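Dropping model30.pdb in here (PDB, C-alpha atoms, pLDDT in the B column):
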```pdb
ATOM      1  CA  MET A1283       0.000   0.000   0.000  1.00 78.00           C
ATOM      2  CA  LEU A1284       2.777   2.432   0.985  1.00 84.00           C
ATOM      3  CA  LEU A1285       4.528   1.674  -2.312  1.00 83.00           C
ATOM      4  CA  TYR A1286       1.605   2.899  -4.409  1.00 82.00           C
ATOM      5  CA  VAL A1287       0.987   5.892  -2.146  1.00 88.00           C
ATOM      6  CA  ILE A1288       4.550   7.039  -2.826  1.00 90.00           C
ATOM      7  CA  GLY A1289       4.233   6.322  -6.544  1.00 85.00           C
ATOM      8  CA  PHE A1290       0.900   8.099  -7.004  1.00 86.00           C
ATOM      9  CA  LEU A1291       2.040  11.070  -4.906  1.00 91.00           C
ATOM     10  CA  ALA A1292       5.066  11.409  -7.184  1.00 89.00           C
ATOM     11  CA  GLN A1293       2.780  11.404 -10.220  1.00 83.00           C
ATOM     12  CA  VAL A1294       0.546  14.011  -8.562  1.00 88.00           C
ATOM     13  CA  PHE A1295       3.570  16.319  -8.377  1.00 93.00           C
ATOM     14  CA  PHE A1296       4.502  15.594 -11.993  1.00 87.00           C
ATOM     15  CA  SER A1297       0.942  16.126 -13.236  1.00 86.00           C
ATOM     16  CA  ALA A1298       0.633  19.332 -11.211  1.00 92.00           C
ATOM     17  CA  ARG A1299       3.840  20.745 -12.710  1.00 92.00           C
ATOM     18  CA  ILE A1300       2.557  20.174 -16.249  1.00 90.00           C
ATOM     19  CA  LEU A1301      -0.896  21.585 -15.461  1.00 90.00           C
ATOM     20  CA  LEU A1302       0.482  24.742 -13.837  1.00 93.00           C
ATOM     21  CA  GLN A1303       3.055  25.280 -16.587  1.00 94.00           C
ATOM     22  CA  TRP A1304       0.308  24.862 -19.194  1.00 92.00           C
ATOM     23  CA  ILE A1305      -2.012  27.356 -17.464  1.00 93.00           C
ATOM     24  CA  LEU A1306       0.760  29.932 -17.075  1.00 94.00           C
ATOM     25  CA  SER A1307       1.789  29.470 -20.719  1.00 93.00           C
ATOM     26  CA  GLU A1308      -1.805  29.953 -21.896  1.00 92.00           C
ATOM     27  CA  ARG A1309      -2.004  33.175 -19.901  1.00 93.00           C
ATOM     28  CA  ALA A1310       1.319  34.454 -21.224  1.00 91.00           C
ATOM     29  CA  LYS A1311       0.506  33.260 -24.768  1.00 88.00           C
ATOM     30  CA  ARG A1312       3.993  31.807 -24.942  1.00 91.00           C
ATOM     31  CA  VAL A1313       5.780  28.767 -23.484  1.00 92.00           C
ATOM     32  CA  VAL A1314       7.109  29.681 -20.033  1.00 93.00           C
ATOM     33  CA  SER A1315       9.439  27.942 -17.570  1.00 93.00           C
ATOM     34  CA  PRO A1316       8.082  28.859 -14.103  1.00 94.00           C
ATOM     35  CA  SER A1317       9.960  28.079 -10.889  1.00 95.00           C
ATOM     36  CA  ILE A1318       7.037  25.990  -9.603  1.00 95.00           C
ATOM     37  CA  PHE A1319       7.571  23.607 -12.540  1.00 95.00           C
ATOM     38  CA  TRP A1320      11.072  22.752 -11.300  1.00 95.00           C
ATOM     39  CA  ILE A1321      10.099  22.631  -7.617  1.00 95.00           C
ATOM     40  CA  LEU A1322       7.369  20.076  -8.337  1.00 95.00           C
ATOM     41  CA  SER A1323       9.727  18.211 -10.685  1.00 94.00           C
ATOM     42  CA  LEU A1324      12.308  17.756  -7.942  1.00 93.00           C
ATOM     43  CA  ALA A1325       9.693  16.667  -5.386  1.00 93.00           C
ATOM     44  CA  GLY A1326       8.136  14.167  -7.798  1.00 92.00           C
ATOM     45  CA  SER A1327      11.497  12.829  -8.924  1.00 90.00           C
ATOM     46  CA  TYR A1328      12.624  12.252  -5.339  1.00 90.00           C
ATOM     47  CA  LEU A1329       9.505  10.217  -4.564  1.00 90.00           C
ATOM     48  CA  LEU A1330       9.514   8.307  -7.873  1.00 85.00           C
ATOM     49  CA  PHE A1331      13.163   7.434  -7.316  1.00 82.00           C
ATOM     50  CA  ILE A1332      12.148   5.830  -4.006  1.00 83.00           C
ATOM     51  CA  TYR A1333       9.173   4.131  -5.704  1.00 83.00           C
ATOM     52  CA  GLY A1334      11.365   2.631  -8.435  1.00 78.00           C
ATOM     53  CA  TRP A1335      13.895   1.412  -5.898  1.00 76.00           C
ATOM     54  CA  MET A1336      11.214  -0.249  -3.744  1.00 78.00           C
ATOM     55  CA  ARG A1337       9.689  -1.838  -6.854  1.00 75.00           C
ATOM     56  CA  ASP A1338      13.079  -3.105  -8.074  1.00 70.00           C
ATOM     57  CA  ASP A1339      12.484  -1.315 -11.365  1.00 68.00           C
ATOM     58  CA  PHE A1340      15.772  -0.250 -12.945  1.00 66.00           C
ATOM     59  CA  ALA A1341      14.028   1.633 -15.784  1.00 63.00           C
ATOM     60  CA  ILE A1342      12.337   4.017 -13.353  1.00 70.00           C
ATOM     61  CA  VAL A1343      15.473   4.560 -11.257  1.00 73.00           C
ATOM     62  CA  LEU A1344      17.586   5.223 -14.340  1.00 69.00           C
ATOM     63  CA  GLY A1345      15.181   7.864 -15.623  1.00 68.00           C
ATOM     64  CA  GLN A1346      15.179   9.743 -12.333  1.00 78.00           C
ATOM     65  CA  VAL A1347      18.947   9.690 -11.817  1.00 77.00           C
ATOM     66  CA  ILE A1348      19.555  11.288 -15.220  1.00 76.00           C
ATOM     67  CA  SER A1349      17.110  14.190 -14.788  1.00 85.00           C
ATOM     68  CA  TYR A1350      17.344  14.768 -11.034  1.00 89.00           C
ATOM     69  CA  TYR A1351      20.338  17.076 -11.024  1.00 91.00           C
ATOM     70  CA  ILE A1352      19.066  18.977 -14.059  1.00 92.00           C
ATOM     71  CA  TYR A1353      16.058  19.969 -11.938  1.00 94.00           C
ATOM     72  CA  ILE A1354      18.468  21.273  -9.318  1.00 94.00           C
ATOM     73  CA  TRP A1355      20.399  23.238 -11.966  1.00 94.00           C
ATOM     74  CA  ASN A1356      17.206  24.912 -13.181  1.00 95.00           C
ATOM     75  CA  LEU A1357      16.226  25.805  -9.623  1.00 95.00           C
ATOM     76  CA  SER A1358      19.708  27.233  -9.131  1.00 94.00           C
ATOM     77  CA  ALA A1359      19.435  29.224 -12.379  1.00 93.00           C
ATOM     78  CA  LYS A1360      16.199  30.746 -11.085  1.00 94.00           C
ATOM     79  CA  GLY A1361      17.696  31.539  -7.684  1.00 93.00           C
ATOM     80  CA  VAL A1362      15.374  29.135  -5.856  1.00 94.00           C
ATOM     81  CA  TRP A1363      17.871  26.443  -4.844  1.00 94.00           C
ATOM     82  CA  ALA A1364      19.864  28.819  -2.616  1.00 93.00           C
ATOM     83  CA  LYS A1365      16.677  29.698  -0.694  1.00 93.00           C
ATOM     84  CA  ILE A1366      16.070  26.090   0.392  1.00 91.00           C
ATOM     85  CA  PRO A1367      17.340  25.342   3.941  1.00 92.00           C
ATOM     86  CA  GLY A1368      20.840  23.873   3.946  1.00 92.00           C
ATOM     87  CA  VAL A1369      19.864  20.576   5.592  1.00 93.00           C
ATOM     88  CA  ALA A1370      17.099  19.998   3.019  1.00 91.00           C
ATOM     89  CA  ARG A1371      19.465  20.831   0.153  1.00 93.00           C
ATOM     90  CA  LEU A1372      22.034  18.380   1.473  1.00 93.00           C
ATOM     91  CA  LEU A1373      19.437  15.620   1.817  1.00 90.00           C
ATOM     92  CA  LEU A1374      18.053  16.238  -1.659  1.00 89.00           C
ATOM     93  CA  PHE A1375      21.514  16.358  -3.198  1.00 89.00           C
ATOM     94  CA  ILE A1376      23.044  13.254  -1.633  1.00 88.00           C
ATOM     95  CA  THR A1377      20.100  10.811  -1.744  1.00 81.00           C
ATOM     96  CA  PRO A1378      20.749   9.647  -5.341  1.00 79.00           C
ATOM     97  CA  VAL A1379      24.494   9.555  -4.611  1.00 79.00           C
ATOM     98  CA  ILE A1380      23.915   7.239  -1.641  1.00 76.00           C
ATOM     99  CA  ALA A1381      21.650   4.996  -3.707  1.00 67.00           C
ATOM    100  CA  ILE A1382      24.170   4.791  -6.552  1.00 68.00           C
ATOM    101  CA  SER A1383      26.991   4.114  -4.077  1.00 71.00           C
ATOM    102  CA  PHE A1384      24.938   1.270  -2.600  1.00 64.00           C
ATOM    103  CA  ALA A1385      24.425  -0.177  -6.081  1.00 58.00           C
ATOM    104  CA  VAL A1386      28.163  -0.052  -6.777  1.00 62.00           C
ATOM    105  CA  THR A1387      29.211  -1.589  -3.444  1.00 67.00           C
ATOM    106  CA  HIS A1388      26.487  -4.253  -3.609  1.00 59.00           C
ATOM    107  CA  ALA A1389      26.806  -5.073  -7.304  1.00 58.00           C
ATOM    108  CA  ASP A1390      25.634  -8.687  -6.974  1.00 66.00           C
ATOM    109  CA  THR A1391      22.456  -7.665  -5.142  1.00 62.00           C
ATOM    110  CA  PHE A1392      21.869  -4.794  -7.551  1.00 58.00           C
ATOM    111  CA  VAL A1393      22.171  -6.999 -10.634  1.00 62.00           C
ATOM    112  CA  HIS A1394      19.938  -9.667  -9.105  1.00 63.00           C
ATOM    113  CA  ASP A1395      17.218  -7.235  -7.995  1.00 58.00           C
ATOM    114  CA  PHE A1396      17.145  -5.099 -11.111  1.00 59.00           C
ATOM    115  CA  PHE A1397      18.523  -7.009 -14.089  1.00 59.00           C
ATOM    116  CA  ARG A1398      17.369 -10.490 -13.050  1.00 61.00           C
ATOM    117  CA  ASN A1399      13.976  -9.490 -11.777  1.00 62.00           C
ATOM    118  CA  GLU A1400      11.665 -12.350 -12.811  1.00 66.00           C
ATOM    119  CA  LYS A1401       8.766  -9.902 -13.020  1.00 67.00           C
ATOM    120  CA  VAL A1402      10.593  -7.857 -15.660  1.00 68.00           C
ATOM    121  CA  PRO A1403      12.066  -9.916 -18.532  1.00 74.00           C
ATOM    122  CA  LEU A1404      15.215  -8.554 -20.178  1.00 72.00           C
ATOM    123  CA  TRP A1405      13.476  -7.397 -23.375  1.00 77.00           C
ATOM    124  CA  LEU A1406      10.932  -5.441 -21.339  1.00 78.00           C
ATOM    125  CA  LEU A1407      13.657  -3.946 -19.163  1.00 75.00           C
ATOM    126  CA  ILE A1408      15.485  -2.768 -22.298  1.00 78.00           C
ATOM    127  CA  PHE A1409      12.265  -1.344 -23.779  1.00 81.00           C
ATOM    128  CA  GLY A1410      11.319   0.414 -20.553  1.00 78.00           C
ATOM    129  CA  SER A1411      14.825   1.767 -20.066  1.00 76.00           C
ATOM    130  CA  ALA A1412      14.857   3.065 -23.659  1.00 81.00           C
ATOM    131  CA  GLY A1413      11.556   4.853 -23.044  1.00 80.00           C
ATOM    132  CA  GLN A1414      12.898   6.397 -19.845  1.00 77.00           C
ATOM    133  CA  ILE A1415      16.108   7.455 -21.583  1.00 80.00           C
ATOM    134  CA  ILE A1416      14.201   9.125 -24.432  1.00 84.00           C
ATOM    135  CA  PHE A1417      11.840  10.801 -21.982  1.00 81.00           C
ATOM    136  CA  THR A1418      14.735  11.976 -19.813  1.00 81.00           C
ATOM    137  CA  LEU A1419      16.742  13.246 -22.779  1.00 87.00           C
ATOM    138  CA  ARG A1420      14.223  16.086 -22.977  1.00 90.00           C
ATOM    139  CA  PHE A1421      15.805  17.499 -19.824  1.00 90.00           C
ATOM    140  CA  VAL A1422      19.325  16.944 -21.135  1.00 92.00           C
ATOM    141  CA  TYR A1423      18.277  18.838 -24.271  1.00 94.00           C
ATOM    142  CA  GLN A1424      16.588  21.518 -22.135  1.00 95.00           C
ATOM    143  CA  TYR A1425      19.700  21.871 -20.001  1.00 94.00           C
ATOM    144  CA  PHE A1426      22.110  22.474 -22.884  1.00 95.00           C
ATOM    145  CA  TYR A1427      19.614  24.734 -24.686  1.00 95.00           C
ATOM    146  CA  SER A1428      19.115  26.811 -21.532  1.00 95.00           C
ATOM    147  CA  ARG A1429      22.854  27.009 -20.872  1.00 93.00           C
ATOM    148  CA  ARG A1430      23.361  28.437 -24.367  1.00 94.00           C
ATOM    149  CA  GLN A1431      20.568  30.970 -23.826  1.00 92.00           C
ATOM    150  CA  GLY A1432      21.737  31.855 -20.338  1.00 91.00           C
ATOM    151  CA  GLU A1433      18.383  31.197 -18.654  1.00 91.00           C
ATOM    152  CA  SER A1434      15.976  28.379 -17.798  1.00 93.00           C
ATOM    153  CA  LEU A1435      13.719  27.774 -20.816  1.00 93.00           C
ATOM    154  CA  LEU A1436      11.419  25.019 -22.135  1.00 94.00           C
ATOM    155  CA  PRO A1437      12.012  24.948 -25.932  1.00 93.00           C
ATOM    156  CA  VAL A1438       9.750  23.223 -28.457  1.00 93.00           C
ATOM    157  CA  GLY A1439      12.182  20.298 -28.784  1.00 94.00           C
ATOM    158  CA  PHE A1440      11.556  19.553 -25.115  1.00 94.00           C
ATOM    159  CA  TRP A1441       7.850  18.977 -25.785  1.00 94.00           C
ATOM    160  CA  ILE A1442       8.413  16.907 -28.921  1.00 93.00           C
ATOM    161  CA  ILE A1443      10.772  14.572 -27.047  1.00 93.00           C
ATOM    162  CA  SER A1444       8.254  14.485 -24.175  1.00 91.00           C
ATOM    163  CA  LEU A1445       5.528  13.128 -26.468  1.00 89.00           C
ATOM    164  CA  THR A1446       7.794  10.425 -27.902  1.00 89.00           C
ATOM    165  CA  GLY A1447       9.202   9.224 -24.588  1.00 88.00           C
ATOM    166  CA  SER A1448       5.861   9.382 -22.791  1.00 87.00           C
ATOM    167  CA  ALA A1449       4.220   7.128 -25.386  1.00 86.00           C
ATOM    168  CA  ALA A1450       6.958   4.513 -24.893  1.00 86.00           C
ATOM    169  CA  ILE A1451       6.631   4.660 -21.090  1.00 85.00           C
ATOM    170  CA  VAL A1452       2.846   4.244 -21.261  1.00 86.00           C
ATOM    171  CA  ALA A1453       3.332   1.153 -23.425  1.00 87.00           C
ATOM    172  CA  TYR A1454       5.864  -0.169 -20.889  1.00 85.00           C
ATOM    173  CA  GLY A1455       3.454   0.554 -18.042  1.00 85.00           C
ATOM    174  CA  ILE A1456       0.646  -1.305 -19.797  1.00 87.00           C
ATOM    175  CA  VAL A1457       2.782  -4.411 -20.185  1.00 84.00           C
ATOM    176  CA  ARG A1458       3.959  -4.110 -16.574  1.00 80.00           C
ATOM    177  CA  HIS A1459       0.400  -3.503 -15.327  1.00 81.00           C
ATOM    178  CA  ASP A1460       1.742  -0.412 -13.569  1.00 80.00           C
ATOM    179  CA  PRO A1461      -1.098   2.104 -12.963  1.00 80.00           C
ATOM    180  CA  VAL A1462       1.365   4.696 -11.627  1.00 73.00           C
ATOM    181  CA  LEU A1463       3.204   4.916 -14.946  1.00 76.00           C
ATOM    182  CA  ILE A1464       0.074   4.649 -17.095  1.00 82.00           C
ATOM    183  CA  LEU A1465      -1.908   7.400 -15.363  1.00 77.00           C
ATOM    184  CA  GLY A1466       1.092   9.601 -14.725  1.00 72.00           C
ATOM    185  CA  GLN A1467       2.291   9.653 -18.321  1.00 77.00           C
ATOM    186  CA  SER A1468      -1.102   9.706 -20.044  1.00 77.00           C
ATOM    187  CA  THR A1469      -2.107  12.969 -18.376  1.00 75.00           C
ATOM    188  CA  GLY A1470       0.741  14.820 -20.066  1.00 82.00           C
ATOM    189  CA  PHE A1471      -0.212  14.118 -23.682  1.00 83.00           C
ATOM    190  CA  ILE A1472      -2.586  17.072 -24.047  1.00 84.00           C
ATOM    191  CA  ALA A1473      -0.257  19.511 -22.280  1.00 89.00           C
ATOM    192  CA  TYR A1474       2.738  18.458 -24.388  1.00 91.00           C
ATOM    193  CA  THR A1475       0.753  18.906 -27.598  1.00 89.00           C
ATOM    194  CA  ARG A1476      -0.684  22.230 -26.468  1.00 91.00           C
ATOM    195  CA  ASN A1477       2.763  23.630 -25.611  1.00 93.00           C
ATOM    196  CA  ILE A1478       3.935  22.776 -29.122  1.00 93.00           C
ATOM    197  CA  LEU A1479       0.928  24.651 -30.555  1.00 93.00           C
ATOM    198  CA  ILE A1480       1.510  27.643 -28.248  1.00 93.00           C
ATOM    199  CA  TYR A1481       5.142  27.757 -29.329  1.00 92.00           C
ATOM    200  CA  ARG A1482       4.196  27.723 -33.009  1.00 91.00           C
ATOM    201  CA  LYS A1483       1.547  30.435 -32.563  1.00 90.00           C
ATOM    202  CA  ASP A1484       3.981  32.617 -30.633  1.00 89.00           C
ATOM    203  CA  ARG A1485       6.622  32.121 -33.308  1.00 88.00           C
ATOM    204  CA  ALA A1486       4.119  32.982 -36.056  1.00 87.00           C
ATOM    205  CA  ARG A1487       3.056  36.102 -34.133  1.00 86.00           C
ATOM    206  CA  HIS A1488       6.646  37.280 -33.799  1.00 80.00           C
ATOM    207  CA  ALA A1489       7.249  36.614 -37.499  1.00 81.00           C
ATOM    208  CA  GLU A1490       4.166  38.645 -38.388  1.00 80.00           C
ATOM    209  CA  GLU A1491       5.283  41.509 -36.138  1.00 78.00           C
ATOM    210  CA  ALA A1492       8.720  41.441 -37.754  1.00 74.00           C
ATOM    211  CA  ARG A1493       7.152  41.600 -41.235  1.00 78.00           C
ATOM    212  CA  THR A1494       4.923  44.489 -40.173  1.00 75.00           C
ATOM    213  CA  GLN A1495       7.881  46.433 -38.796  1.00 75.00           C
ATOM    214  CA  SER A1496       9.850  45.736 -41.958  1.00 69.00           C
ATOM    215  CA  ASP A1497       6.976  46.980 -44.144  1.00 64.00           C
ATOM    216  CA  GLU A1498       6.648  50.129 -42.037  1.00 65.00           C
ATOM    217  CA  LEU A1499      10.367  50.818 -42.366  1.00 69.00           C
ATOM    218  CA  CYS A1500      10.163  50.354 -46.151  1.00 70.00           C
ATOM    219  CA  GLU A1501       7.208  52.718 -46.386  1.00 66.00           C
ATOM    220  CA  SER A1502       8.990  55.296 -44.241  1.00 66.00           C
ATOM    221  CA  SER A1503      12.095  55.069 -46.416  1.00 63.00           C
ATOM    222  CA  SER A1504      10.112  55.485 -49.654  1.00 62.00           C
ATOM    223  CA  ILE A1505       8.354  58.597 -48.309  1.00 61.00           C
ATOM    224  CA  GLN A1506      11.656  60.180 -47.394  1.00 59.00           C
TER     225      GLN A1506
END
```

Could you quickly redo this structure as structure tokens?
Amino acid sequence: MLLYVIGFLAQVFFSARILLQWILSERAKRVVSPSIFWILSLAGSYLLFIYGWMRDDFAIVLGQVISYYIYIWNLSAKGVWAKIPGVARLLLFITPVIAISFAVTHADTFVHDFFRNEKVPLWLLIFGSAGQIIFTLRFVYQYFYSRRQGESLLPVGFWIISLTGSAAIVAYGIVRHDPVLILGQSTGFIAYTRNILIYRKDRARHAEEARTQSDELCESSSIQ
């Protein structure tokens, strides 16, 4: 029971981050990257990491380890990370490190629990891990894109990768009979698609404004 409480609570955080980001983007009429998105991401990732570990599901753990510290970077870029109490920051920062260290020092147990899990055949583990990697790559892409721009952003590529990876994870969840993954990932489809549409409309609006300004400059030059 506790296992699913942790898993569903993690998905509540993830679903809430997407819903709030979507609402704020609709209001701004452009794709935004609010601080609350990254706060909820970190909270959900922490809980889902624990859920995956308790469930002996390497695919889930792998996905969280890759993106976890990118959430922290985005919070740092927005000046939020420094405002978190020091003890909480230390706990949040070292938890994945401790888990990874345990896996390294207890390699035999780790391999048995994760890679030889009778409930997850090798082909399914590979498929699920691939889905998690694709889904997590959106944050790797977001990280490098934001670093180049000098601020935390959510570019259109992030949402395209989100759709692709989410579909694979839902398929994995269906085979695994995992309601946490199925419900958690399915709720994001509409928001991912809508963010892509908002991005395209905003880009078209800026292009139209640029054309209008160019036409006005041409007209002004011809009059002179």

**Request:** Within 12 Å of region 1297-1302 of chain A, counting only C-alpha atoms, which residues show up once you throw out same-chain ones fewer than 4 positions away? Write them as a ChimeraX atom specification, please.
**Result:** /A:1290-1293,1306-1309,1313-1327,1436,1441,1444,1462-1463,1465-1477

**Selected residue, from A:Ala1449, A:Val1379, A:Ile1408, A:Val1362, that lies nearest to Val1347 (chain A) when counting only C-alpha atoms** = A:Val1379

**Message:** Evaluate the PyMOL selection byres ((chain A and resi 1285-1287) around 12) against this structure - the residues, as a PyMOL selection string, please.
**Reply:** chain A and resi 1283-1284+1288-1294+1329-1338+1460-1463

Which centre and edge lengths in Å to one decimal define the box along x, y and z that fits every listed atom of region 1468-1480 of chain A plus 3 Å per side, as JSON?
```
{"center_x": 0.7, "center_y": 18.7, "center_z": -24.5, "size_x": 12.5, "size_y": 23.9, "size_z": 18.2}
```

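Compared by their closest atoms to Ile1480 (chain A), and using all atoms listed in the file, the residues A:Val1438, A:Gln1431, A:Gln1346, A:Arg1420 rank with A:Val1438 nearest.
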
**Distance of CA of Gly1439 (chain A) from CA of Gly1413 (chain A), expressed in Å to one decimal place** =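 Interatomic distance here is 16.5 Å.
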
**Prompt:** CA of Ser1448 (chain A) and CA of Gln1414 (chain A) are how many Å apart?
**Reply:**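 About the pair CA of Ser1448 (chain A) and CA of Gln1414 (chain A): they are 8.2 Å apart.
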
**Request:** May I ask for the distance between CA of Phe1421 (chain A) and CA of Leu1404 (chain A), given in Å to one decimal place?
**Result:**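 A separation of 26.1 Å between them.
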
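Residue nearest Phe1409 (chain A), chosen from A:Ile1443, A:Ile1342, A:Ile1348, A:Ile1376 and counting all atoms listed in the file: A:Ile1342.
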
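Minimum atom-to-atom distances from A:Ser1411, A:Ser1428, A:Ser1383, A:Ser1434 to Ala1450 (chain A) were compared using only C-alpha atoms, and the lowest value belongs to A:Ser1411.
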
**Request:** Report the residues retrieved by the PyMOL selection byres ((chain A and resi 1354) around 10) from the displayed file, expressed as number ranges by chain.
**Result:** A: 1320-1321, 1323-1324, 1349-1353, 1355-1360, 1362-1363, 1371, 1374-1375

**Request:** Would you list the contacts of Lys1311 (chain A) as a PyMOL selection string, taking every protein, DNA or RNA residue within 12 Å and counting only C-alpha atoms, but skipping same-chain residues closer than 5 positions in sequence?
**Result:** chain A and resi 1303-1306+1476-1488
